[in-house]
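Listing of coords20.txt, compact mmCIF, C-alpha atoms and all ligand atoms
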# COMPACT_ATOMS: atom_id res chain seq x y z
CA MET A 1 32.95 143.16 57.60
CA ALA A 2 35.18 140.13 58.05
CA GLN A 3 37.07 138.66 55.14
CA VAL A 4 35.53 135.28 54.31
CA ILE A 5 37.97 132.34 54.20
CA ASP A 6 36.72 130.42 51.18
CA GLY A 7 37.19 126.73 51.98
CA LYS A 8 35.76 125.65 48.62
CA LYS A 9 38.34 127.68 46.74
CA TRP A 10 41.27 126.55 48.88
CA SER A 11 40.19 122.91 48.88
CA SER A 12 40.11 123.03 45.11
CA VAL A 13 43.66 124.47 45.09
CA SER A 14 44.80 121.73 47.47
CA ARG A 15 43.11 118.99 45.46
CA GLN A 16 44.78 120.24 42.28
CA GLU A 17 48.17 120.18 44.03
CA THR A 18 47.43 116.61 45.13
CA ALA A 19 46.34 115.58 41.62
CA GLN A 20 49.64 116.94 40.24
CA THR A 21 51.60 114.91 42.80
CA VAL A 22 49.56 111.82 41.83
CA GLU A 23 50.57 112.33 38.18
CA LEU A 24 54.25 112.55 39.16
CA LEU A 25 53.91 109.40 41.27
CA LYS A 26 52.20 107.49 38.47
CA ALA A 27 55.10 108.41 36.16
CA LYS A 28 57.30 106.63 38.72
CA GLY A 29 55.00 103.58 38.70
CA VAL A 30 53.23 104.37 41.99
CA LYS A 31 49.40 104.62 41.97
CA PRO A 32 48.12 105.93 45.33
CA GLY A 33 45.15 103.92 46.62
CA LEU A 34 42.54 104.55 49.31
CA VAL A 35 40.04 102.11 50.78
CA VAL A 36 37.12 103.32 52.88
CA ILE A 37 35.19 100.87 55.05
CA LEU A 38 31.59 101.77 55.85
CA LEU A 39 29.30 99.84 58.17
CA GLY A 40 25.55 100.25 58.03
CA GLU A 41 23.27 102.74 56.32
CA HIS A 42 23.75 105.95 58.37
CA PRO A 43 22.72 108.63 55.81
CA ALA A 44 25.37 111.23 56.80
CA SER A 45 28.14 108.58 56.81
CA MET A 46 27.01 107.27 53.42
CA SER A 47 27.08 110.79 52.01
CA TYR A 48 30.57 111.49 53.47
CA VAL A 49 31.89 108.21 52.05
CA ARG A 50 30.46 108.96 48.57
CA GLY A 51 32.15 112.38 48.73
CA LYS A 52 35.51 110.87 49.70
CA ASP A 53 35.32 108.22 46.97
CA LYS A 54 34.44 110.78 44.28
CA ALA A 55 37.12 113.25 45.37
CA ALA A 56 39.79 110.52 45.48
CA THR A 57 38.90 109.30 41.99
CA GLU A 58 38.94 112.88 40.65
CA ALA A 59 42.45 113.34 42.05
CA GLY A 60 43.60 110.20 40.18
CA ILE A 61 43.73 108.06 43.35
CA TYR A 62 42.57 104.44 43.10
CA SER A 63 39.56 104.33 45.42
CA GLU A 64 37.43 101.50 46.77
CA VAL A 65 34.54 101.54 49.23
CA ILE A 66 33.81 98.37 51.21
CA HIS A 67 30.23 98.63 52.44
CA LEU A 68 29.33 96.07 55.11
CA PRO A 69 26.14 95.46 57.08
CA SER A 70 25.89 97.10 60.52
CA SER A 71 25.71 93.57 62.01
CA THR A 72 29.36 92.94 61.03
CA THR A 73 31.30 91.69 64.05
CA GLU A 74 34.36 93.43 65.46
CA THR A 75 36.43 90.31 64.75
CA ALA A 76 35.39 90.25 61.08
CA LEU A 77 36.14 93.97 60.74
CA VAL A 78 39.57 93.63 62.33
CA GLN A 79 40.37 90.63 60.08
CA LEU A 80 39.39 92.68 57.02
CA ILE A 81 41.65 95.55 58.15
CA GLU A 82 44.52 93.11 58.69
CA ARG A 83 44.11 91.87 55.10
CA LEU A 84 44.03 95.46 53.80
CA ASN A 85 47.16 96.29 55.81
CA HIS A 86 48.98 93.84 53.51
CA ASP A 87 47.17 94.82 50.29
CA ASP A 88 49.67 96.82 48.19
CA ARG A 89 46.90 98.52 46.18
CA PHE A 90 45.99 100.59 49.23
CA HIS A 91 48.23 103.19 50.85
CA GLY A 92 45.42 104.60 52.96
CA ILE A 93 42.78 102.79 55.02
CA LEU A 94 39.88 104.73 56.52
CA VAL A 95 37.11 103.33 58.68
CA GLN A 96 34.13 105.67 58.59
CA LEU A 97 33.07 106.63 62.12
CA PRO A 98 30.89 106.32 64.10
CA LEU A 99 30.77 102.53 64.22
CA PRO A 100 27.78 100.52 65.48
CA GLU A 101 27.63 100.31 69.27
CA HIS A 102 28.70 96.65 69.51
CA ILE A 103 32.11 97.54 68.04
CA ASN A 104 34.93 99.09 70.04
CA GLU A 105 36.19 101.99 67.94
CA GLN A 106 39.61 102.15 69.59
CA SER A 107 40.26 98.43 68.90
CA VAL A 108 39.38 98.92 65.24
CA ILE A 109 41.55 102.03 64.89
CA ALA A 110 44.44 100.20 66.57
CA ALA A 111 44.15 97.41 63.96
CA ILE A 112 45.02 99.80 61.10
CA ALA A 113 48.73 99.79 60.22
CA PRO A 114 49.97 103.23 61.40
CA HIS A 115 51.65 103.89 58.03
CA LYS A 116 48.22 103.47 56.33
CA ASP A 117 46.23 105.39 58.97
CA VAL A 118 45.39 108.43 56.81
CA ASP A 119 42.83 109.66 59.37
CA GLY A 120 45.65 110.01 61.92
CA PHE A 121 43.64 108.39 64.73
CA HIS A 122 45.97 105.46 65.54
CA PRO A 123 47.77 105.87 68.91
CA VAL A 124 51.14 105.83 67.09
CA ASN A 125 50.09 108.83 64.99
CA VAL A 126 48.49 110.59 67.96
CA GLY A 127 51.81 110.12 69.78
CA ALA A 128 53.79 111.34 66.77
CA LEU A 129 51.76 114.56 66.71
CA ALA A 130 52.31 115.08 70.43
CA LEU A 131 56.05 114.52 70.00
CA GLY A 132 56.23 116.69 66.89
CA ILE A 133 57.62 113.88 64.74
CA SER A 134 56.52 112.58 61.35
CA GLY A 135 53.18 110.72 61.25
CA PHE A 136 49.67 111.37 60.00
CA VAL A 137 47.66 114.33 61.27
CA PRO A 138 43.84 114.16 61.52
CA CYS A 139 42.28 115.70 58.41
CA THR A 140 40.01 118.37 59.93
CA PRO A 141 42.59 120.18 62.09
CA LEU A 142 45.16 119.73 59.32
CA GLY A 143 42.66 121.40 56.98
CA VAL A 144 42.35 124.34 59.38
CA MET A 145 46.15 124.76 59.44
CA LYS A 146 46.21 124.62 55.63
CA LEU A 147 43.51 127.33 55.43
CA LEU A 148 45.57 129.57 57.73
CA GLU A 149 48.67 128.92 55.62
CA TYR A 150 46.88 129.68 52.33
CA GLU A 151 45.47 132.91 53.80
CA GLY A 152 48.92 133.93 55.08
CA ILE A 153 47.76 134.01 58.72
CA ASP A 154 50.70 133.53 61.07
CA VAL A 155 49.77 132.24 64.53
CA THR A 156 53.20 132.70 66.13
CA GLY A 157 52.80 134.26 69.56
CA LYS A 158 49.05 134.66 69.06
CA HIS A 159 46.52 133.51 71.65
CA ALA A 160 44.59 130.64 70.06
CA VAL A 161 41.49 129.44 71.90
CA VAL A 162 40.18 126.04 70.84
CA ILE A 163 36.69 125.12 72.03
CA GLY A 164 36.34 121.33 72.06
CA ARG A 165 38.68 118.59 73.24
CA SER A 166 37.71 115.62 71.08
CA ASN A 167 40.38 113.27 69.77
CA ILE A 168 39.50 114.02 66.17
CA VAL A 169 39.29 117.83 66.25
CA GLY A 170 39.96 119.75 69.49
CA LYS A 171 43.05 117.99 70.87
CA PRO A 172 44.98 117.65 67.57
CA MET A 173 43.98 121.23 66.68
CA ALA A 174 45.55 122.47 69.91
CA GLN A 175 48.72 120.41 69.29
CA LEU A 176 49.09 121.79 65.76
CA LEU A 177 48.65 125.39 66.88
CA LEU A 178 51.15 124.85 69.67
CA SER A 179 53.62 123.38 67.17
CA LYS A 180 53.30 126.69 65.26
CA SER A 181 54.15 128.61 68.45
CA ALA A 182 50.67 129.91 69.28
CA THR A 183 49.75 130.28 72.96
CA VAL A 184 46.93 127.77 73.23
CA THR A 185 43.93 127.56 75.54
CA ILE A 186 41.54 124.60 75.29
CA CYS A 187 37.94 125.09 76.48
CA HIS A 188 35.20 122.46 76.83
CA SER A 189 31.75 121.93 78.29
CA LYS A 190 33.01 122.27 81.88
CA THR A 191 34.87 125.53 81.23
CA GLN A 192 33.56 128.27 83.49
CA ASN A 193 32.90 131.65 81.94
CA LEU A 194 33.67 130.59 78.36
CA SER A 195 33.36 134.11 76.98
CA ALA A 196 36.17 135.36 79.26
CA PHE A 197 38.48 133.06 77.23
CA THR A 198 36.96 133.55 73.79
CA ARG A 199 37.18 137.36 74.11
CA GLN A 200 40.96 137.03 74.50
CA ALA A 201 41.35 134.91 71.38
CA ASP A 202 43.33 136.27 68.45
CA LEU A 203 42.36 132.98 66.81
CA LEU A 204 39.18 131.23 67.87
CA VAL A 205 38.49 127.66 66.73
CA ALA A 206 34.99 126.42 67.54
CA ALA A 207 34.60 122.62 67.45
CA ILE A 208 31.60 122.21 69.70
CA GLY A 209 28.79 120.70 67.62
CA LYS A 210 26.06 123.07 68.85
CA PRO A 211 24.49 125.73 66.66
CA CYS A 212 25.31 129.42 67.22
CA VAL A 213 26.96 129.04 70.66
CA ILE A 214 29.52 131.71 69.76
CA LYS A 215 27.89 135.13 69.53
CA ALA A 216 29.44 138.38 68.35
CA ASP A 217 29.96 139.66 71.92
CA MET A 218 32.17 136.63 72.65
CA ILE A 219 34.61 137.48 69.86
CA LYS A 220 37.66 139.72 70.07
CA PRO A 221 37.48 142.50 67.45
CA GLN A 222 39.72 141.88 64.41
CA SER A 223 40.35 138.24 65.33
CA VAL A 224 40.33 135.11 63.16
CA VAL A 225 37.29 132.88 63.67
CA ILE A 226 37.38 129.28 62.44
CA ASP A 227 34.08 127.43 62.68
CA VAL A 228 34.49 123.64 62.55
CA GLY A 229 30.95 122.82 63.69
CA ILE A 230 28.42 121.24 61.37
CA ASN A 231 24.91 121.48 62.76
CA ARG A 232 21.40 121.45 61.43
CA LEU A 233 19.06 124.25 62.48
CA ASP A 234 15.58 124.59 60.96
CA GLY A 235 16.61 122.19 58.20
CA LYS A 236 19.67 124.25 57.26
CA LEU A 237 23.39 123.60 57.86
CA CYS A 238 25.08 126.00 60.26
CA GLY A 239 28.21 126.17 62.36
CA ASP A 240 28.89 126.76 66.06
CA VAL A 241 29.33 130.49 65.42
CA ASP A 242 26.53 132.98 64.84
CA TYR A 243 27.96 133.85 61.44
CA ALA A 244 25.99 136.99 60.60
CA SER A 245 26.81 138.86 63.80
CA ALA A 246 30.35 137.40 64.17
CA SER A 247 31.35 138.62 60.70
CA GLU A 248 30.72 142.18 61.89
CA VAL A 249 33.43 141.79 64.54
CA ALA A 250 36.09 139.38 63.24
CA GLN A 251 38.78 140.12 60.66
CA PHE A 252 38.63 136.66 59.08
CA ILE A 253 35.87 134.06 59.34
CA THR A 254 35.03 130.67 57.83
CA PRO A 255 31.45 130.06 56.65
CA VAL A 256 29.44 126.87 57.21
CA PRO A 257 29.01 125.26 54.76
CA GLY A 258 31.99 126.07 52.54
CA GLY A 259 34.68 126.66 55.17
CA VAL A 260 36.51 123.89 57.02
CA GLY A 261 34.32 121.05 55.65
CA PRO A 262 35.73 120.96 52.10
CA MET A 263 39.30 121.07 53.48
CA THR A 264 38.74 117.85 55.44
CA ILE A 265 38.33 115.79 52.27
CA ALA A 266 41.21 117.62 50.59
CA MET A 267 43.47 116.65 53.51
CA LEU A 268 42.37 113.01 53.29
CA LEU A 269 43.59 112.97 49.69
CA HIS A 270 46.77 114.75 50.76
CA ASN A 271 47.43 112.17 53.49
CA THR A 272 46.75 109.27 51.11
CA VAL A 273 49.31 110.58 48.63
CA LEU A 274 51.75 111.23 51.48
CA ALA A 275 51.32 107.60 52.55
CA ALA A 276 52.04 106.42 48.98
CA GLN A 277 55.14 108.63 48.79
CA ARG A 278 56.45 107.32 52.10
CA MET A 279 55.82 103.70 51.13
CA ALA A 280 57.66 104.28 47.84
CA GLY A 281 60.60 105.75 49.80
CA ILE A 282 60.11 109.23 48.32
CA THR A 283 61.25 111.96 50.72
CA THR A 284 58.81 114.79 51.42
CA SER A 285 59.03 117.85 53.64
CA GLU A 286 56.41 116.37 56.03
P1 LIG B 1 32.51 116.07 70.05
O1 LIG B 1 31.07 116.02 70.42
O2 LIG B 1 33.34 114.86 70.15
O3 LIG B 1 33.22 117.21 70.92
C1 LIG B 1 32.60 118.43 71.19
C2 LIG B 1 33.42 119.20 72.17
O4 LIG B 1 32.74 120.42 72.46
C3 LIG B 1 33.62 118.49 73.51
O5 LIG B 1 34.96 118.60 73.91
C4 LIG B 1 32.66 119.21 74.47
O6 LIG B 1 33.14 119.27 75.78
C5 LIG B 1 32.67 120.61 73.87
N1 LIG B 1 31.43 121.33 74.19
C6 LIG B 1 30.16 120.90 74.06
N2 LIG B 1 29.30 121.86 74.45
C7 LIG B 1 30.05 122.91 74.83
C8 LIG B 1 29.75 124.20 75.33
N3 LIG B 1 28.48 124.61 75.49
N4 LIG B 1 30.77 125.03 75.63
C9 LIG B 1 32.04 124.64 75.45
N5 LIG B 1 32.39 123.43 74.97
C10 LIG B 1 31.40 122.58 74.67
O7 LIG B 1 32.53 116.66 68.58
P2 LIG B 1 33.71 116.65 67.46
O8 LIG B 1 34.95 117.22 68.00
O9 LIG B 1 33.73 115.34 66.82
O10 LIG B 1 33.07 117.66 66.41
C11 LIG B 1 32.78 119.00 66.75
C12 LIG B 1 31.97 119.62 65.64
O11 LIG B 1 32.75 119.63 64.47
C13 LIG B 1 30.69 118.87 65.28
O12 LIG B 1 29.72 119.80 64.87
C14 LIG B 1 31.09 118.03 64.10
O13 LIG B 1 29.99 117.74 63.24
C15 LIG B 1 32.05 118.96 63.43
N6 LIG B 1 33.03 118.30 62.57
C16 LIG B 1 33.27 118.88 61.38
C17 LIG B 1 34.16 118.34 60.53
C18 LIG B 1 34.40 119.02 59.24
O14 LIG B 1 34.87 118.40 58.32
N7 LIG B 1 34.12 120.34 59.15
C19 LIG B 1 34.85 117.09 60.83
C20 LIG B 1 34.63 116.61 62.17
C21 LIG B 1 33.72 117.20 62.99
P3 LIG B 1 33.32 117.95 76.72
O15 LIG B 1 34.59 117.31 76.24
O16 LIG B 1 33.43 118.48 78.08
O17 LIG B 1 32.11 117.11 76.47

Once more with this new file: its structure as structure tokens, please.
Amino acid sequence: MAQVIDGKKWSSVSRQETAQTVELLKAKGVKPGLVVILLGEHPASMSYVRGKDKAATEAGIYSEVIHLPSSTTETALVQLIERLNHDDRFHGILVQLPLPEHINEQSVIAAIAPHKDVDGFHPVNVGALALGISGFVPCTPLGVMKLLEYEGIDVTGKHAVVIGRSNIVGKPMAQLLLSKSATVTICHSKTQNLSAFTRQADLLVAAIGKPCVIKADMIKPQSVVIDVGINRLDGKLCGDVDYASASEVAQFITPVPGGVGPMTIAMLLHNTVLAAQRMAGITTSE
């Protein structure tokens, strides 16, 4: 049976590390602050935002949620972001996605000051990741890298297969694995014979958004399987991997829920504190 990578446990470790850094910063007169902007009443988004707010407060971060109607115009949203860019209480600005259809997401993301873009979606930060220079890394793939680090899993020279090429998960995931010297293959919905790739994967990252696409016979024995997907099947949460059968084959596996999900929030707190450190001129290793 595969060893379960416990995202709840590791996110708690990470959040404690962050809380300790917050204490040190406060002693230097710096109070990290995060503002989350939410438009509309989308139930999943509202739940994610509540979770982020609570976790930030628990870590000692000053947290505010600005909840606006879904009818808010793009111009009004961009003006708000521009004000927050100059508001010293906030080191991190996050706009909860998805946005209502009348708003251009890329224009809104581009309005966030790159040094406050703790989601790592601004083109400057996307470019920094591609170049391997200092910036902000999107929270979910960063959380995956942190899980691997905590578990002592070295990806150097390993074949990592990432399924999914979105800007928020698949592409940055591939960049991060490449930066750690993995040999990286990216698969997507047009990939022919997906299982021919997945069966070669020493590390398989599934970020598809479809329940149980990855079956046991698609997994290389003794590999590491990271399931990013969050899906609902018969009223229950599940990942992209058929967990029960896959855990018979893999060496390590993340469950859903309780795997990558909790790390995403932990990395948001991490990035917020990193932003505060950078703005205060404190040198970090990142
Ligand atoms: P997207 O829908 O943006 O991307 C999905 C990717 O999967 C696309 O690149 C798509 O290919 C590819 N894909 C779809 N179907 C198949 C298939 N049958 N075979 C191979 N590839 C396929 O989703 P996200 O990247 O935003 O999210 C992926 C999943 O991760 C979702 O379940 C989401 O809920 C979850 N998620 C979890 C987070 C967490 O905190 N744990 C955070 C963010 C997301 P193509 O590009 O060709 O369309």

**Request:** Excluding Pro221 in chain A and residues on its chain fewer than 6 positions from it, collect all residues at most 8 Å away from it, counting all atoms listed in the file, and give them as number ranges by chain.
**Result:** A: 249-251

**Nearby residues, ligand LIG 1 (chain B), 8 Å, all atoms listed in the file, as number ranges by chain** = A: 139-140, 163-170, 187-191, 194, 206-210, 213, 227-231, 239-240, 259-265

**Request:** Find the residue from A:Ala113, A:Leu203, A:Ala27, A:Met267 that sits nearest to Leu148 in chain A; use only C-alpha atoms when measuring.
**Result:**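 Between A:Ala113, A:Leu203, A:Ala27, A:Met267, the residue approaching Leu148 in chain A most closely is A:Leu203.
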
**Request:** Using all atoms listed in the file, find the one residue out of A:Gln175, A:Ala130, A:Thr183, A:Pro100 that sits nearest to Val155 in chain A.
**Result:**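 Going through A:Gln175, A:Ala130, A:Thr183, A:Pro100 one by one, the smallest distance to Val155 in chain A is for A:Thr183.
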
**Prompt:** Near Lys28 in chain A, counting only C-alpha atoms, which residues have an atom at most 12 Å away, once you skip same-chain residues fewer than 6 positions from it, shown as a list in words?
**Reply:**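 Near neighbours after the sequence-gap exclusion: Thr21, Val22, Ala276, Gln277, Ala280, Gly281 and Ile282 of chain A.
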
**One-decimal distance in Å that lies between CA of Ile186 in chain A and CA of Gly120 in chain A** =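 Those two atoms sit 20.2 Å apart.
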
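The two atoms in question, CA of Gly235 in chain A and CA of Pro211 in chain A, are spaced 12.1 Å apart.
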
**Prompt:** Could you pull the residues within 9 Å of Leu84 in chain A, counting only C-alpha atoms, minus those fewer than 6 positions along the same chain, as number ranges by chain?
**Reply:** A: 35, 90, 93, 112

Selection as a CSV table (one decimal) with C-alpha atoms, in the coordinates of the input: residues within 10 Å of (51.3, 127.4, 64.1), counting only C-alpha atoms:
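Resulting contents of selection10.csv:
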chain,number,residue,atom,x,y,z
A,145,MET,CA,46.2,124.8,59.4
A,148,LEU,CA,45.6,129.6,57.7
A,149,GLU,CA,48.7,128.9,55.6
A,153,ILE,CA,47.8,134.0,58.7
A,154,ASP,CA,50.7,133.5,61.1
A,155,VAL,CA,49.8,132.2,64.5
A,156,THR,CA,53.2,132.7,66.1
A,157,GLY,CA,52.8,134.3,69.6
A,158,LYS,CA,49.0,134.7,69.1
A,160,ALA,CA,44.6,130.6,70.1
A,173,MET,CA,44.0,121.2,66.7
A,174,ALA,CA,45.6,122.5,69.9
A,175,GLN,CA,48.7,120.4,69.3
A,176,LEU,CA,49.1,121.8,65.8
A,177,LEU,CA,48.6,125.4,66.9
A,178,LEU,CA,51.2,124.8,69.7
A,179,SER,CA,53.6,123.4,67.2
A,180,LYS,CA,53.3,126.7,65.3
A,181,SER,CA,54.2,128.6,68.4
A,182,ALA,CA,50.7,129.9,69.3
A,183,THR,CA,49.8,130.3,73.0

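Considering the residues A:Lys220, A:Arg89, A:Lys146, A:His270 and counting all atoms listed in the file, Gln16 in chain A has its shortest atom-to-atom contact with A:His270.
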
**Prompt:** Residues at most 8 Å from range 39-49 of chain A, counting all atoms listed in the file, excluding those fewer than 6 positions away in the same chain, as number ranges by chain?
**Reply:** A: 65, 67-72, 96-97, 99-100

**Prompt:** So which residues touch His122 in chain A within 12 Å, counting all atoms listed in the file, skipping near sequence neighbours fewer than 5 positions away, as a PyMOL selection string?
**Reply:** chain A and resi 93-95+105-117+127-129+135-138+167-168

**Test item: which residues lie within 12 Å of (44.1, 104.5, 47.1) counting only C-alpha atoms, as a count of residues only** = 43

Quick one: what's the axis-aligned box for range 122-128 of chain A, all listed atoms, 6 Å on every side, centre and edges in Å to one decimal, as AutoDock Vina command-line options?
--center_x 49.9 --center_y 108.4 --center_z 67.4 --size_x 19.8 --size_y 17.9 --size_z 16.8

Complete the atom set of range 114-138 of chain A to N, CA and C atoms and return it as a compact mmCIF listing (two decimals), in the frame of the given file.
# COMPACT_ATOMS: atom_id res chain seq x y z
N PRO A 114 49.78 101.77 61.25
CA PRO A 114 49.97 103.23 61.40
C PRO A 114 50.40 103.93 60.11
N HIS A 115 51.18 103.23 59.26
CA HIS A 115 51.65 103.89 58.03
C HIS A 115 50.54 103.97 56.97
N LYS A 116 49.36 103.34 57.24
CA LYS A 116 48.22 103.47 56.33
C LYS A 116 47.06 104.23 56.98
N ASP A 117 47.29 104.74 58.18
CA ASP A 117 46.23 105.39 58.97
C ASP A 117 46.09 106.86 58.54
N VAL A 118 45.46 107.08 57.39
CA VAL A 118 45.39 108.43 56.81
C VAL A 118 44.44 109.36 57.56
N ASP A 119 43.67 108.82 58.49
CA ASP A 119 42.83 109.66 59.37
C ASP A 119 43.65 110.19 60.55
N GLY A 120 44.79 109.56 60.82
CA GLY A 120 45.65 110.01 61.92
C GLY A 120 45.10 109.73 63.30
N PHE A 121 44.27 108.69 63.43
CA PHE A 121 43.64 108.39 64.73
C PHE A 121 44.36 107.30 65.51
N HIS A 122 45.27 106.56 64.85
CA HIS A 122 45.97 105.46 65.54
C HIS A 122 46.87 106.04 66.65
N PRO A 123 46.95 105.34 67.80
CA PRO A 123 47.77 105.87 68.91
C PRO A 123 49.20 106.23 68.49
N VAL A 124 49.77 105.50 67.55
CA VAL A 124 51.14 105.83 67.09
C VAL A 124 51.16 107.22 66.44
N ASN A 125 50.14 107.52 65.64
CA ASN A 125 50.09 108.83 64.99
C ASN A 125 49.70 109.95 65.95
N VAL A 126 48.84 109.61 66.92
CA VAL A 126 48.49 110.59 67.96
C VAL A 126 49.76 110.94 68.75
N GLY A 127 50.56 109.92 69.05
CA GLY A 127 51.81 110.12 69.78
C GLY A 127 52.81 110.92 68.95
N ALA A 128 52.86 110.62 67.65
CA ALA A 128 53.79 111.34 66.77
C ALA A 128 53.47 112.82 66.76
N LEU A 129 52.17 113.14 66.71
CA LEU A 129 51.76 114.56 66.71
C LEU A 129 52.17 115.22 68.03
N ALA A 130 51.95 114.51 69.12
CA ALA A 130 52.31 115.08 70.43
C ALA A 130 53.82 115.31 70.54
N LEU A 131 54.59 114.40 69.93
CA LEU A 131 56.05 114.52 70.00
C LEU A 131 56.61 115.48 68.95
N GLY A 132 55.76 115.82 67.97
CA GLY A 132 56.23 116.69 66.89
C GLY A 132 57.10 115.95 65.89
N ILE A 133 56.86 114.64 65.74
CA ILE A 133 57.62 113.88 64.74
C ILE A 133 56.68 113.43 63.63
N SER A 134 57.28 112.91 62.55
CA SER A 134 56.52 112.58 61.35
C SER A 134 55.49 111.48 61.59
N GLY A 135 54.26 111.70 61.13
CA GLY A 135 53.18 110.72 61.25
C GLY A 135 52.04 111.17 60.36
N PHE A 136 50.82 110.83 60.71
CA PHE A 136 49.67 111.37 60.00
C PHE A 136 48.82 112.20 60.95
N VAL A 137 48.41 113.37 60.46
CA VAL A 137 47.66 114.33 61.27
C VAL A 137 46.18 114.25 60.88
N PRO A 138 45.26 114.21 61.85
CA PRO A 138 43.84 114.16 61.52
C PRO A 138 43.42 115.27 60.53
